[in-house]
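**Q** File follows, work.txt with compact mmCIF, C-alpha atoms and all ligand atoms:
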# COMPACT_ATOMS: atom_id res chain seq x y z
CA MET A 19 -1.74 -48.95 -48.37
CA PHE A 20 1.64 -49.03 -50.09
CA ASN A 21 3.63 -46.89 -52.50
CA ALA A 22 4.21 -47.53 -56.20
CA LEU A 23 5.37 -45.55 -59.21
CA VAL A 24 2.23 -45.21 -61.31
CA VAL A 25 2.30 -44.12 -64.96
CA GLU A 26 -0.87 -42.54 -66.28
CA LYS A 27 -1.75 -41.41 -69.79
CA ASP A 28 -3.68 -38.18 -70.37
CA GLU A 29 -6.17 -37.44 -73.14
CA ASP A 30 -3.40 -36.06 -75.37
CA GLY A 31 -1.59 -39.38 -75.14
CA LYS A 32 1.17 -37.98 -72.90
CA THR A 33 2.34 -40.13 -70.01
CA HIS A 34 3.08 -38.94 -66.46
CA ALA A 35 4.83 -40.99 -63.78
CA ALA A 36 4.44 -40.25 -60.05
CA VAL A 37 4.65 -42.12 -56.73
CA LYS A 38 1.12 -42.91 -55.51
CA GLU A 39 -0.53 -44.90 -52.73
CA LEU A 40 -2.27 -48.12 -53.77
CA GLU A 41 -4.18 -50.87 -51.97
CA ILE A 42 -3.61 -54.62 -52.23
CA LYS A 43 -6.97 -54.94 -54.04
CA ASP A 44 -5.60 -52.70 -56.83
CA LEU A 45 -2.96 -55.30 -57.73
CA PRO A 46 -3.50 -57.66 -60.68
CA GLU A 47 -4.32 -61.31 -60.05
CA GLY A 48 -1.60 -63.86 -59.37
CA GLU A 49 -0.75 -66.71 -57.00
CA VAL A 50 2.04 -65.02 -55.09
CA LEU A 51 2.02 -61.69 -53.23
CA VAL A 52 5.56 -60.38 -52.81
CA SER A 53 6.78 -57.69 -50.49
CA VAL A 54 9.26 -56.04 -52.86
CA GLU A 55 12.61 -54.94 -51.40
CA TYR A 56 14.58 -53.84 -54.46
CA SER A 57 14.00 -53.26 -58.15
CA THR A 58 16.33 -51.82 -60.76
CA LEU A 59 16.51 -49.79 -63.96
CA ASN A 60 16.97 -51.36 -67.38
CA TYR A 61 16.75 -49.79 -70.81
CA LYS A 62 13.21 -51.18 -71.20
CA ASP A 63 12.22 -49.56 -67.90
CA GLY A 64 13.26 -46.23 -69.38
CA LEU A 65 10.71 -46.84 -72.14
CA CYS A 66 7.95 -47.99 -69.75
CA VAL A 67 8.40 -45.11 -67.26
CA GLY A 68 8.24 -42.71 -70.20
CA PRO A 69 6.09 -42.95 -73.31
CA GLY A 70 5.87 -46.75 -73.25
CA GLY A 71 7.70 -47.54 -76.47
CA GLY A 72 4.78 -49.73 -77.54
CA LEU A 73 5.51 -52.12 -74.65
CA VAL A 74 2.80 -51.02 -72.20
CA ARG A 75 -0.69 -52.22 -73.04
CA ASN A 76 -2.90 -50.51 -70.47
CA TYR A 77 -2.78 -47.44 -68.21
CA PRO A 78 -2.55 -46.76 -65.30
CA HIS A 79 0.58 -48.87 -65.25
CA VAL A 80 3.21 -49.84 -62.67
CA PRO A 81 6.57 -50.37 -64.44
CA GLY A 82 9.63 -52.26 -63.21
CA ILE A 83 10.67 -55.28 -65.28
CA ASP A 84 12.37 -57.02 -62.36
CA PHE A 85 12.30 -57.18 -58.57
CA ALA A 86 13.52 -59.14 -55.57
CA GLY A 87 11.76 -59.50 -52.24
CA THR A 88 10.03 -61.76 -49.72
CA VAL A 89 6.87 -63.80 -50.29
CA GLU A 90 4.04 -62.46 -48.15
CA ASP A 91 1.32 -64.87 -49.25
CA SER A 92 1.13 -67.72 -51.77
CA SER A 93 -1.60 -70.04 -53.04
CA ASP A 94 1.05 -72.03 -54.96
CA PRO A 95 2.76 -74.88 -53.06
CA ARG A 96 6.19 -73.98 -54.47
CA TYR A 97 6.33 -70.78 -52.39
CA LYS A 98 5.45 -69.90 -48.79
CA ALA A 99 5.52 -66.73 -46.71
CA GLY A 100 9.08 -65.74 -45.87
CA ASP A 101 10.71 -67.19 -49.03
CA LYS A 102 13.13 -64.84 -50.80
CA VAL A 103 12.43 -64.61 -54.55
CA VAL A 104 13.63 -62.90 -57.74
CA LEU A 105 11.67 -62.06 -60.87
CA THR A 106 12.98 -61.04 -64.30
CA GLY A 107 11.16 -61.18 -67.63
CA TRP A 108 7.75 -62.63 -68.59
CA ARG A 109 6.69 -59.11 -69.68
CA VAL A 110 6.26 -58.07 -66.05
CA GLY A 111 6.58 -54.27 -65.90
CA GLU A 112 5.32 -54.08 -69.52
CA ALA A 113 2.11 -56.08 -70.03
CA HIS A 114 1.75 -56.79 -66.28
CA TRP A 115 2.32 -54.52 -63.29
CA GLY A 116 5.92 -54.69 -62.15
CA GLY A 117 8.47 -54.05 -59.46
CA TYR A 118 8.37 -50.25 -58.97
CA SER A 119 6.09 -50.92 -56.04
CA GLN A 120 6.31 -52.02 -52.41
CA LYS A 121 4.00 -54.97 -53.25
CA ALA A 122 3.63 -57.08 -56.39
CA ARG A 123 1.26 -59.95 -57.20
CA VAL A 124 2.50 -62.34 -59.89
CA LYS A 125 2.29 -65.89 -61.24
CA ALA A 126 4.36 -68.44 -59.31
CA ASP A 127 5.84 -69.65 -62.63
CA TRP A 128 7.57 -66.30 -63.10
CA LEU A 129 9.55 -66.44 -59.85
CA VAL A 130 12.85 -68.10 -59.03
CA PRO A 131 14.11 -68.63 -55.50
CA LEU A 132 16.82 -66.12 -54.55
CA PRO A 133 20.09 -67.93 -55.32
CA ASN A 134 22.24 -68.93 -52.34
CA GLY A 135 24.94 -66.38 -51.63
CA LEU A 136 23.04 -63.36 -53.02
CA THR A 137 21.06 -60.73 -51.12
CA THR A 138 17.94 -59.20 -52.66
CA ARG A 139 19.95 -55.98 -53.21
CA GLN A 140 22.73 -57.85 -55.03
CA ALA A 141 20.17 -59.75 -57.12
CA MET A 142 18.78 -56.44 -58.33
CA ALA A 143 22.24 -54.98 -58.89
CA VAL A 144 22.46 -57.88 -61.35
CA GLY A 145 18.83 -57.52 -62.51
CA THR A 146 17.59 -58.26 -66.01
CA ALA A 147 20.66 -56.60 -67.57
CA GLY A 148 23.10 -58.76 -65.61
CA PHE A 149 21.04 -61.91 -66.01
CA THR A 150 21.03 -61.29 -69.76
CA ALA A 151 24.80 -60.78 -69.75
CA MET A 152 25.11 -64.18 -68.07
CA ILE A 153 22.88 -66.03 -70.53
CA ALA A 154 24.81 -64.40 -73.37
CA ILE A 155 28.08 -65.74 -71.92
CA LEU A 156 26.50 -69.19 -71.56
CA ALA A 157 25.44 -69.05 -75.23
CA LEU A 158 28.98 -68.12 -76.34
CA GLU A 159 30.44 -70.96 -74.27
CA ASP A 160 27.87 -73.41 -75.66
CA HIS A 161 29.20 -72.40 -79.09
CA GLY A 162 32.77 -73.21 -78.19
CA LEU A 163 34.20 -70.04 -76.62
CA THR A 164 37.19 -70.78 -74.39
CA HIS A 165 39.94 -68.57 -72.92
CA GLU A 166 42.53 -69.83 -75.40
CA LYS A 167 40.55 -68.65 -78.42
CA GLY A 168 41.30 -64.98 -77.78
CA GLU A 169 39.76 -61.67 -76.79
CA VAL A 170 36.04 -61.18 -76.19
CA LEU A 171 34.51 -57.84 -77.21
CA VAL A 172 31.74 -56.24 -75.13
CA THR A 173 29.86 -53.35 -76.77
CA GLY A 174 28.00 -50.71 -74.73
CA ALA A 175 30.50 -51.74 -72.08
CA SER A 176 29.71 -49.17 -69.39
CA GLY A 177 25.97 -49.86 -69.50
CA GLY A 178 24.20 -52.48 -67.38
CA VAL A 179 24.60 -55.51 -69.67
CA GLY A 180 28.13 -54.44 -70.60
CA SER A 181 29.36 -53.85 -67.03
CA VAL A 182 28.16 -57.22 -65.75
CA ALA A 183 29.40 -59.05 -68.87
CA THR A 184 32.84 -57.43 -68.54
CA SER A 185 33.11 -58.34 -64.88
CA ILE A 186 32.00 -61.98 -65.22
CA LEU A 187 34.11 -62.63 -68.33
CA ALA A 188 37.24 -61.15 -66.74
CA ASN A 189 36.68 -63.07 -63.51
CA CYS A 190 36.34 -66.29 -65.54
CA GLY A 191 39.76 -65.67 -67.12
CA TYR A 192 38.71 -64.21 -70.47
CA GLN A 193 40.57 -61.25 -71.99
CA VAL A 194 37.95 -58.54 -72.39
CA ALA A 195 37.89 -55.52 -74.69
CA GLY A 196 35.14 -52.99 -73.97
CA VAL A 197 33.65 -50.59 -76.52
CA THR A 198 32.56 -47.31 -75.00
CA GLY A 199 31.51 -43.91 -76.27
CA ARG A 200 32.36 -42.40 -72.87
CA PRO A 201 36.16 -42.21 -72.49
CA GLU A 202 35.71 -41.08 -68.87
CA THR A 203 34.48 -44.59 -68.00
CA ALA A 204 37.79 -46.21 -69.05
CA ASP A 205 39.12 -46.52 -65.47
CA TYR A 206 35.81 -47.99 -64.32
CA LEU A 207 35.92 -50.58 -67.12
CA ARG A 208 39.56 -51.45 -66.40
CA ASP A 209 38.64 -51.92 -62.75
CA LEU A 210 35.87 -54.34 -63.81
CA GLY A 211 38.52 -56.31 -65.70
CA ALA A 212 38.65 -54.95 -69.26
CA SER A 213 42.20 -55.15 -70.60
CA ARG A 214 41.50 -53.06 -73.70
CA ILE A 215 39.21 -50.06 -74.28
CA VAL A 216 37.90 -49.56 -77.82
CA ASP A 217 36.62 -46.10 -78.77
CA ARG A 218 33.02 -46.30 -79.99
CA ALA A 219 33.97 -44.15 -83.01
CA ASP A 220 36.36 -46.89 -84.20
CA VAL A 221 33.51 -49.39 -84.69
CA ALA A 222 30.49 -47.12 -85.06
CA GLU A 223 30.15 -47.33 -88.82
CA VAL A 224 30.19 -50.06 -91.44
CA THR A 225 33.08 -50.08 -93.91
CA LYS A 226 33.06 -51.09 -97.57
CA ARG A 227 35.19 -54.14 -96.74
CA PRO A 228 32.96 -56.92 -95.39
CA LEU A 229 35.95 -58.59 -93.66
CA GLU A 230 38.67 -56.98 -91.53
CA SER A 231 41.46 -58.59 -89.48
CA GLU A 232 40.28 -61.51 -87.37
CA THR A 233 40.28 -59.88 -83.93
CA TRP A 234 37.57 -61.18 -81.58
CA ALA A 235 36.92 -64.76 -80.47
CA GLY A 236 33.50 -63.76 -79.12
CA CYS A 237 31.32 -60.71 -78.67
CA ILE A 238 28.48 -59.65 -76.40
CA ASP A 239 26.68 -56.91 -78.28
CA ALA A 240 24.31 -54.56 -76.42
CA VAL A 241 24.29 -51.98 -79.23
CA GLY A 242 23.10 -53.56 -82.53
CA GLY A 243 22.86 -51.35 -85.65
CA PRO A 244 25.97 -50.52 -87.70
CA MET A 245 28.27 -51.50 -84.79
CA LEU A 246 27.01 -55.08 -84.81
CA ALA A 247 27.42 -55.20 -88.60
CA ARG A 248 31.00 -53.89 -88.30
CA VAL A 249 31.95 -56.33 -85.54
CA LEU A 250 30.72 -59.33 -87.57
CA GLY A 251 33.50 -58.60 -90.07
CA GLN A 252 36.13 -58.51 -87.28
CA MET A 253 35.30 -61.91 -85.78
CA LYS A 254 37.82 -64.73 -85.79
CA TYR A 255 37.05 -67.86 -87.79
CA GLY A 256 34.15 -69.75 -86.10
CA GLY A 257 33.62 -67.01 -83.49
CA SER A 258 30.18 -66.10 -82.15
CA VAL A 259 28.40 -62.84 -81.45
CA ALA A 260 25.61 -62.83 -78.85
CA ALA A 261 23.12 -60.19 -80.02
CA VAL A 262 21.57 -58.78 -76.86
CA GLY A 263 20.47 -55.21 -77.45
CA LEU A 264 19.70 -52.28 -79.70
CA ALA A 265 21.02 -49.28 -77.78
CA GLY A 266 22.53 -48.07 -81.08
CA GLY A 267 19.67 -49.07 -83.39
CA ALA A 268 17.48 -51.94 -84.55
CA ASP A 269 18.74 -52.07 -88.13
CA LEU A 270 21.44 -54.53 -89.14
CA PRO A 271 23.19 -53.14 -92.22
CA ALA A 272 25.41 -56.23 -92.61
CA LYS A 273 26.78 -58.44 -95.38
CA VAL A 274 26.49 -62.22 -95.18
CA ILE A 275 30.22 -62.66 -96.04
CA PRO A 276 31.42 -63.20 -92.41
CA PHE A 277 28.92 -66.09 -92.07
CA LEU A 278 29.99 -67.70 -95.34
CA LEU A 279 33.76 -67.20 -95.32
CA ARG A 280 34.51 -67.27 -91.61
CA GLY A 281 31.74 -69.45 -90.18
CA VAL A 282 30.76 -66.65 -87.81
CA ASN A 283 27.67 -67.33 -85.67
CA LEU A 284 25.09 -64.72 -84.72
CA LEU A 285 23.28 -65.88 -81.58
CA GLY A 286 19.99 -64.32 -80.52
CA ILE A 287 19.61 -63.71 -76.79
CA ASP A 288 16.19 -63.36 -75.15
CA SER A 289 15.89 -63.09 -71.38
CA VAL A 290 12.12 -62.58 -71.23
CA LEU A 291 10.90 -66.10 -72.09
CA TYR A 292 14.17 -67.86 -71.18
CA PRO A 293 13.15 -71.32 -69.84
CA THR A 294 12.68 -71.58 -66.07
CA GLU A 295 14.92 -74.66 -65.61
CA LYS A 296 17.82 -72.85 -67.32
CA ARG A 297 17.26 -69.70 -65.24
CA LYS A 298 18.34 -71.48 -62.06
CA THR A 299 21.63 -72.52 -63.69
CA ALA A 300 22.27 -68.98 -64.90
CA TRP A 301 21.62 -67.47 -61.45
CA GLU A 302 23.90 -70.06 -59.82
CA ARG A 303 26.66 -69.15 -62.25
CA ILE A 304 26.11 -65.44 -61.46
CA ALA A 305 26.40 -66.17 -57.74
CA SER A 306 29.65 -68.08 -58.28
CA ASP A 307 31.35 -66.07 -61.06
CA LEU A 308 30.38 -62.42 -60.56
CA PRO A 309 32.76 -60.81 -58.04
CA MET A 310 30.55 -59.05 -55.49
CA ASP A 311 33.13 -56.30 -54.85
CA LYS A 312 33.01 -55.41 -58.56
CA LEU A 313 29.20 -55.54 -58.53
CA GLU A 314 29.26 -53.02 -55.67
CA THR A 315 31.24 -50.54 -57.83
CA MET A 316 28.50 -50.69 -60.51
CA ILE A 317 25.67 -49.68 -58.14
CA VAL A 318 23.92 -46.33 -58.38
CA PRO A 319 21.36 -46.21 -55.49
CA ALA A 320 17.90 -44.76 -56.19
CA THR A 321 14.35 -44.49 -54.83
CA LEU A 322 10.96 -44.68 -56.57
CA SER A 323 10.79 -40.90 -56.95
CA ASP A 324 14.17 -40.79 -58.78
CA LEU A 325 12.86 -43.03 -61.56
CA PRO A 326 11.21 -40.54 -63.95
CA LYS A 327 14.56 -38.72 -64.37
CA LEU A 328 16.68 -41.88 -64.41
CA GLY A 329 14.33 -43.46 -66.95
CA ALA A 330 14.99 -40.56 -69.34
CA ASP A 331 18.75 -40.76 -68.61
CA ILE A 332 19.05 -44.46 -69.54
CA LEU A 333 17.36 -43.83 -72.90
CA GLN A 334 20.08 -41.21 -73.58
CA GLY A 335 22.85 -43.74 -72.71
CA GLN A 336 23.70 -41.65 -69.64
CA VAL A 337 23.50 -44.29 -66.91
CA ARG A 338 26.72 -46.02 -65.87
CA GLY A 339 26.51 -49.52 -64.40
CA ARG A 340 23.42 -50.63 -62.49
CA VAL A 341 20.77 -48.52 -60.77
CA VAL A 342 19.40 -50.31 -57.69
CA VAL A 343 16.01 -49.02 -56.54
CA ASP A 344 15.18 -49.33 -52.83
CA VAL A 345 11.38 -49.24 -53.12
CA ASN A 346 10.91 -48.76 -49.39
P1 LIG A 401 22.27 -49.31 -70.77
O1 LIG A 401 21.68 -48.02 -71.25
O2 LIG A 401 22.65 -49.45 -69.35
O3 LIG A 401 23.56 -49.65 -71.66
C1 LIG A 401 23.62 -49.44 -73.04
C2 LIG A 401 25.00 -48.89 -73.39
O4 LIG A 401 25.13 -48.84 -74.81
C3 LIG A 401 25.21 -47.45 -72.93
O5 LIG A 401 25.61 -47.35 -71.59
C4 LIG A 401 26.30 -47.00 -73.88
O6 LIG A 401 27.55 -47.54 -73.43
C5 LIG A 401 25.95 -47.73 -75.18
N1 LIG A 401 25.18 -46.89 -76.08
C6 LIG A 401 24.11 -46.11 -75.81
N2 LIG A 401 23.66 -45.47 -76.90
C7 LIG A 401 24.49 -45.84 -77.91
C8 LIG A 401 24.55 -45.51 -79.31
N3 LIG A 401 23.68 -44.69 -79.87
N4 LIG A 401 25.52 -46.08 -80.03
C9 LIG A 401 26.42 -46.94 -79.49
N5 LIG A 401 26.42 -47.27 -78.15
C10 LIG A 401 25.44 -46.73 -77.39
O7 LIG A 401 21.23 -50.45 -71.17
P2 LIG A 401 21.23 -52.00 -70.72
O8 LIG A 401 22.64 -52.43 -70.54
O9 LIG A 401 20.23 -52.21 -69.67
O10 LIG A 401 20.66 -52.67 -72.05
C11 LIG A 401 21.46 -52.68 -73.24
C12 LIG A 401 20.62 -53.16 -74.41
O11 LIG A 401 20.28 -54.53 -74.21
C13 LIG A 401 19.30 -52.41 -74.60
O12 LIG A 401 19.05 -52.25 -75.97
C14 LIG A 401 18.28 -53.35 -73.97
O13 LIG A 401 17.01 -53.17 -74.49
C15 LIG A 401 18.87 -54.69 -74.32
N6 LIG A 401 18.46 -55.77 -73.45
C16 LIG A 401 18.02 -56.91 -74.03
C17 LIG A 401 17.65 -57.98 -73.27
C18 LIG A 401 17.26 -59.25 -73.94
O14 LIG A 401 16.60 -60.09 -73.32
N7 LIG A 401 17.68 -59.44 -75.17
C19 LIG A 401 17.61 -57.89 -71.81
C20 LIG A 401 18.21 -56.69 -71.28
C21 LIG A 401 18.58 -55.64 -72.10
P3 LIG A 401 28.92 -46.72 -73.55
O15 LIG A 401 28.63 -45.35 -73.02
O16 LIG A 401 29.90 -47.49 -72.74
O17 LIG A 401 29.26 -46.71 -75.02
Taking this structure as input, can you express it in the form of structure tokens?

**A**
Amino acid sequence: MFNALVVEKDEDGKTHAAVKELEIKDLPEGEVLVSVEYSTLNYKDGLCVGPGGGLVRNYPHVPGIDFAGTVEDSSDPRYKAGDKVVLTGWRVGEAHWGGYSQKARVKADWLVPLPNGLTTRQAMAVGTAGFTAMIAILALEDHGLTHEKGEVLVTGASGGVGSVATSILANCGYQVAGVTGRPETADYLRDLGASRIVDRADVAEVTKRPLESETWAGCIDAVGGPMLARVLGQMKYGGSVAAVGLAGGADLPAKVIPFLLRGVNLLGIDSVLYPTEKRKTAWERIASDLPMDKLETMIVPATLSDLPKLGADILQGQVRGRVVVDVN
């Protein structure tokens, strides 16, 4: 028997999440059985612990879109008992049972070996949010971002994606400006390496002018909506925006002018189906470029039973940094 956070749906369509005991035979099929050590909380987890947001297909459901742990049993030659592994993406925790559990059974293709230099706890402090921040930085660099080009804007800066993006960018020598709606997080963001704090209200709405002063060489956008539209008009010539999230809305009320007159690039970032061979590179770069002392300041520790409340909090934009869930 082992513990997992199980979400059930009642006849009225309401969901309820509670810690329950399960048996190994309850787990879905897969080649690798993992003894989970840590999971984490991402925005999507907030949806899947709560009403599902259209992501969860079947109930009862075990959420948790990422986890790190030790292989207990494997029928796939790539993994053997005792190997440390990490999983993010592949719709685990949405369409498949996920990491809010002391055991998980998954496809071998979905796992990556724990990168050298990281513990399972650190890997989950990074989690899907931090991994996504890293692949967004890689996309900006692939499109020509260098330190000399100027400041990089991070929106939703005190959230999970934003905190890790700020910390990695600053450690790599970039000048970082963080947009936040929570002025009380300014010291935290400065400590992560932000050299400028932008009040959310200053970029929250679109203006009539499609172009403003050329300010940002790059942007990692976790917010979407009118803020993304506004930022497009503030990009320097040839600059790129990595569109990561929709914490502020899924609409994009933008004009095409920044693309046509300033050669601005809008880069889509998806961490779920990101190719396996590129995942290893991204994790190696995380292990080398994310300062572990800064990562430690982002961590909010939690257990399985804390998740129903924390899931609601993250949907309200009330979680700072990265929640690390010790499932044991
Ligand atoms: P968090 O909730 O940790 O961070 C989001 C941050 O956005 C908040 O902390 C807050 O920052 C800001 N924010 C919240 N609500 C609003 C609002 N209404 N208007 C403007 N800003 C707001 O979430 P994550 O960092 O885990 O995820 C961020 C986004 O990225 C989510 O939409 C998520 O779904 C998406 N995502 C996408 C992935 C992909 O593969 N593309 C992978 C991972 C995440 P502050 O208080 O500092 O303003």

**Q** With segment 302-306 of chain A as the partner and 8 Å as the cut-off, tabulate the residues of segment 93-143 of chain A that qualify, each row holding the nearest pair of atoms and their distance in Å to one decimal, using all atoms listed in the file, sorted by chain and rising number, as JSON lines.

**A**
{"residue": "A:Pro133", "atom": "CA", "partner": "A:Glu302", "partner_atom": "CA", "distance": 6.3}
{"residue": "A:Asn134", "atom": "CA", "partner": "A:Ala305", "partner_atom": "CA", "distance": 7.4}
{"residue": "A:Gly135", "atom": "CA", "partner": "A:Ala305", "partner_atom": "CA", "distance": 6.3}
{"residue": "A:Leu136", "atom": "CA", "partner": "A:Ala305", "partner_atom": "CA", "distance": 6.4}

**Q** Between A:Asn189, A:Val341, A:Met19, A:Gly267, which residue has the minimum interatomic distance to Glu314 of chain A, considering all atoms listed in the file?

**A**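 Among the listed residues, the smallest separation from Glu314 of chain A belongs to A:Val341.
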
**Q** Taking a cut-off of 8 Å and counting only C-alpha atoms and all ligand atoms, can you build a table that, for each residue of chain A near ligand LIG 401 (chain A), reports the nearest atom pair and how far apart they are in Å (one decimal), sorted by chain then residue number, as a tab-separated table?

**A**
residue	atom	partner	partner_atom	distance
A:Leu59	CA	A:LIG401	O9	7.2
A:Asn60	CA	A:LIG401	O9	4.1
A:Tyr61	CA	A:LIG401	O9	4.4
A:Lys62	CA	A:LIG401	O13	5.4
A:Gly107	CA	A:LIG401	O14	7.9
A:Thr146	CA	A:LIG401	C20	5.5
A:Ala147	CA	A:LIG401	C20	4.4
A:Gly148	CA	A:LIG401	C20	7.8
A:Phe149	CA	A:LIG401	C19	7.8
A:Thr150	CA	A:LIG401	C19	5.2
A:Ala151	CA	A:LIG401	C20	7.9
A:Thr173	CA	A:LIG401	O4	6.8
A:Gly174	CA	A:LIG401	O4	3.4
A:Ala175	CA	A:LIG401	O16	4.3
A:Ser176	CA	A:LIG401	O16	3.8
A:Gly177	CA	A:LIG401	O3	3.2
A:Gly178	CA	A:LIG401	O8	3.5
A:Val179	CA	A:LIG401	O8	3.8
A:Gly180	CA	A:LIG401	O8	5.8
A:Ser181	CA	A:LIG401	O8	7.7
A:Gly196	CA	A:LIG401	O16	7.7
A:Val197	CA	A:LIG401	O17	6.0
A:Thr198	CA	A:LIG401	O17	3.4
A:Gly199	CA	A:LIG401	O17	3.8
A:Arg200	CA	A:LIG401	O15	4.8
A:Thr203	CA	A:LIG401	O16	7.2
A:Arg218	CA	A:LIG401	O17	6.2
A:Ala222	CA	A:LIG401	C9	6.9
A:Asp239	CA	A:LIG401	O11	7.9
A:Ala240	CA	A:LIG401	C12	4.4
A:Val241	CA	A:LIG401	N5	5.3
A:Gly242	CA	A:LIG401	O12	7.8
A:Met245	CA	A:LIG401	C9	7.2
A:Ala261	CA	A:LIG401	N7	7.3
A:Val262	CA	A:LIG401	N7	4.3
A:Gly263	CA	A:LIG401	O11	3.3
A:Leu264	CA	A:LIG401	O12	3.8
A:Ala265	CA	A:LIG401	O12	4.0
A:Gly266	CA	A:LIG401	C8	3.7
A:Gly267	CA	A:LIG401	N3	6.9
A:Gly286	CA	A:LIG401	N7	7.6
A:Ile287	CA	A:LIG401	N7	5.0
A:Asp288	CA	A:LIG401	O14	3.8
A:Ser289	CA	A:LIG401	O14	3.6
A:Val290	CA	A:LIG401	O14	5.5
A:Ile332	CA	A:LIG401	O1	4.7
A:Leu333	CA	A:LIG401	O1	6.2
A:Gln334	CA	A:LIG401	N2	6.5
A:Gly335	CA	A:LIG401	C6	4.1
A:Gln336	CA	A:LIG401	O5	6.3
A:Val337	CA	A:LIG401	O2	5.8
A:Arg338	CA	A:LIG401	O5	6.0
A:Gly339	CA	A:LIG401	O2	6.3
A:Arg340	CA	A:LIG401	O2	7.0

**Q** For segment 318-328 of chain A, find every residue with an atom within 7 Å (counting all atoms listed in the file), except residues of its own chain fewer than 3 positions away, and show them as a list in words.

**A** Leu23, Ala35, Val37, Val67, Tyr118, Asp331, Ile332, Arg340, Val341, Val342, Val343, Asp344 and Val345 of chain A

**Q** I want to know what sits within 10 Å of Gly162 of chain A, based on all atoms listed in the file, with residues of the same chain fewer than 4 positions away left out; could you give that as a list in words?

**A**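 In the requested form, the answer reads Leu156, Ala157, Leu158, Lys167, Ala235, Gly236, Gly256, Gly257 and Ser258 of chain A.
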
**Q** From the options A:Val182, A:Val259, A:Ile155, A:Ala36, which residue's atoms come nearest to Met310 of chain A, counting all atoms listed in the file?

**A** A:Val182

**Q** Have a look at A:Arg214, A:Arg248, A:His114, A:Arg96 and name the one nearest to Glu169 of chain A; count all atoms listed in the file.

**A**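 Among the listed residues, A:Arg214 lies closest to Glu169 of chain A.
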
**Q** Smallest atom-to-atom distance to Gly111 of chain A: which of A:Gly281, A:Pro131, A:Gly64, A:Pro244, using only C-alpha atoms?

**A**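 Counting only C-alpha atoms, the residue closest to Gly111 of chain A is A:Gly64.
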
**Q** Report, in Å to a single decimal, how far apart atom CA of Asp94 of chain A and atom CA of Tyr77 of chain A are.

**A**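 Taking atom CA of Tyr77 of chain A as the start and atom CA of Asp94 of chain A as the end point, the length is 28.2 Å.
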
**Q** Considering all atoms listed in the file, state which residue in the set A:Val110, A:Met142, A:Leu163, A:Leu129 is at the smallest distance from Asn283 of chain A.

**A**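 Using all atoms listed in the file, Asn283 of chain A sits closest to A:Leu163.
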
**Q** Restricting the calculation to only C-alpha atoms: of A:Asp127, A:Gly48, A:Gly117, A:Ile153, which residue gets closest to Ser93 of chain A?

**A**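 Result for the nearest residue to Ser93 of chain A: A:Gly48.
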
**Q** Report, in Å with one decimal, the straight-line distance from atom CA of Val249 of chain A to atom CA of Ala154 of chain A.

**A**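 Computing it gives 16.3 Å between the two atoms.
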
**Q** One decimal, Å: what's the distance from atom CA of Val170 of chain A over to atom CA of Thr294 of chain A, could you say?

**A**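 If I compute the distance from atom CA of Val170 of chain A to atom CA of Thr294 of chain A, I get 27.5 Å.
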
**Q** If you count all atoms listed in the file, which residues fall within 10 Å of Gly191 of chain A, apart from same-chain ones fewer than 4 positions away, as a CSV table (one decimal) with C-alpha atoms, in the frame of the given file?

**A**
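The new file result.csv reads:
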chain,number,residue,atom,x,y,z
A,164,THR,CA,37.2,-70.8,-74.4
A,165,HIS,CA,39.9,-68.6,-72.9
A,166,GLU,CA,42.5,-69.8,-75.4
A,186,ILE,CA,32.0,-62.0,-65.2
A,187,LEU,CA,34.1,-62.6,-68.3
A,211,GLY,CA,38.5,-56.3,-65.7

**Q** Please identify all polymer residues within 8 Å of segment 99-105 of chain A, counting only C-alpha atoms, omitting same-chain residues fewer than 2 positions from it, and present them as a ChimeraX atom specification.

**A** /A:84-92,97,107,128-132,138,141

**Q** Got a sec: who's within 9 Å of Leu210 of chain A, counting only C-alpha atoms, leaving out chain neighbours fewer than 2 positions off, as a ChimeraX atom specification?

**A** /A:181-182,184-186,188-189,205-208,212,312-313,315-316

**Q** Can I get the selected residues back with C-alpha atoms, as a PDB file, in the frame of the given file?

**A**
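See selection_20.pdb below for the written result:
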ATOM      1  CA  SER A 181      29.360 -53.850 -67.030  1.00  0.00           C
ATOM      2  CA  VAL A 182      28.160 -57.220 -65.750  1.00  0.00           C
ATOM      3  CA  THR A 184      32.840 -57.430 -68.540  1.00  0.00           C
ATOM      4  CA  SER A 185      33.110 -58.340 -64.880  1.00  0.00           C
ATOM      5  CA  ILE A 186      32.000 -61.980 -65.220  1.00  0.00           C
ATOM      6  CA  ALA A 188      37.240 -61.150 -66.740  1.00  0.00           C
ATOM      7  CA  ASN A 189      36.680 -63.070 -63.510  1.00  0.00           C
ATOM      8  CA  ASP A 205      39.120 -46.520 -65.470  1.00  0.00           C
ATOM      9  CA  TYR A 206      35.810 -47.990 -64.320  1.00  0.00           C
ATOM     10  CA  LEU A 207      35.920 -50.580 -67.120  1.00  0.00           C
ATOM     11  CA  ARG A 208      39.560 -51.450 -66.400  1.00  0.00           C
ATOM     12  CA  ALA A 212      38.650 -54.950 -69.260  1.00  0.00           C
ATOM     13  CA  LYS A 312      33.010 -55.410 -58.560  1.00  0.00           C
ATOM     14  CA  LEU A 313      29.200 -55.540 -58.530  1.00  0.00           C
ATOM     15  CA  THR A 315      31.240 -50.540 -57.830  1.00  0.00           C
ATOM     16  CA  MET A 316      28.500 -50.690 -60.510  1.00  0.00           C
TER      17      MET A 316
END
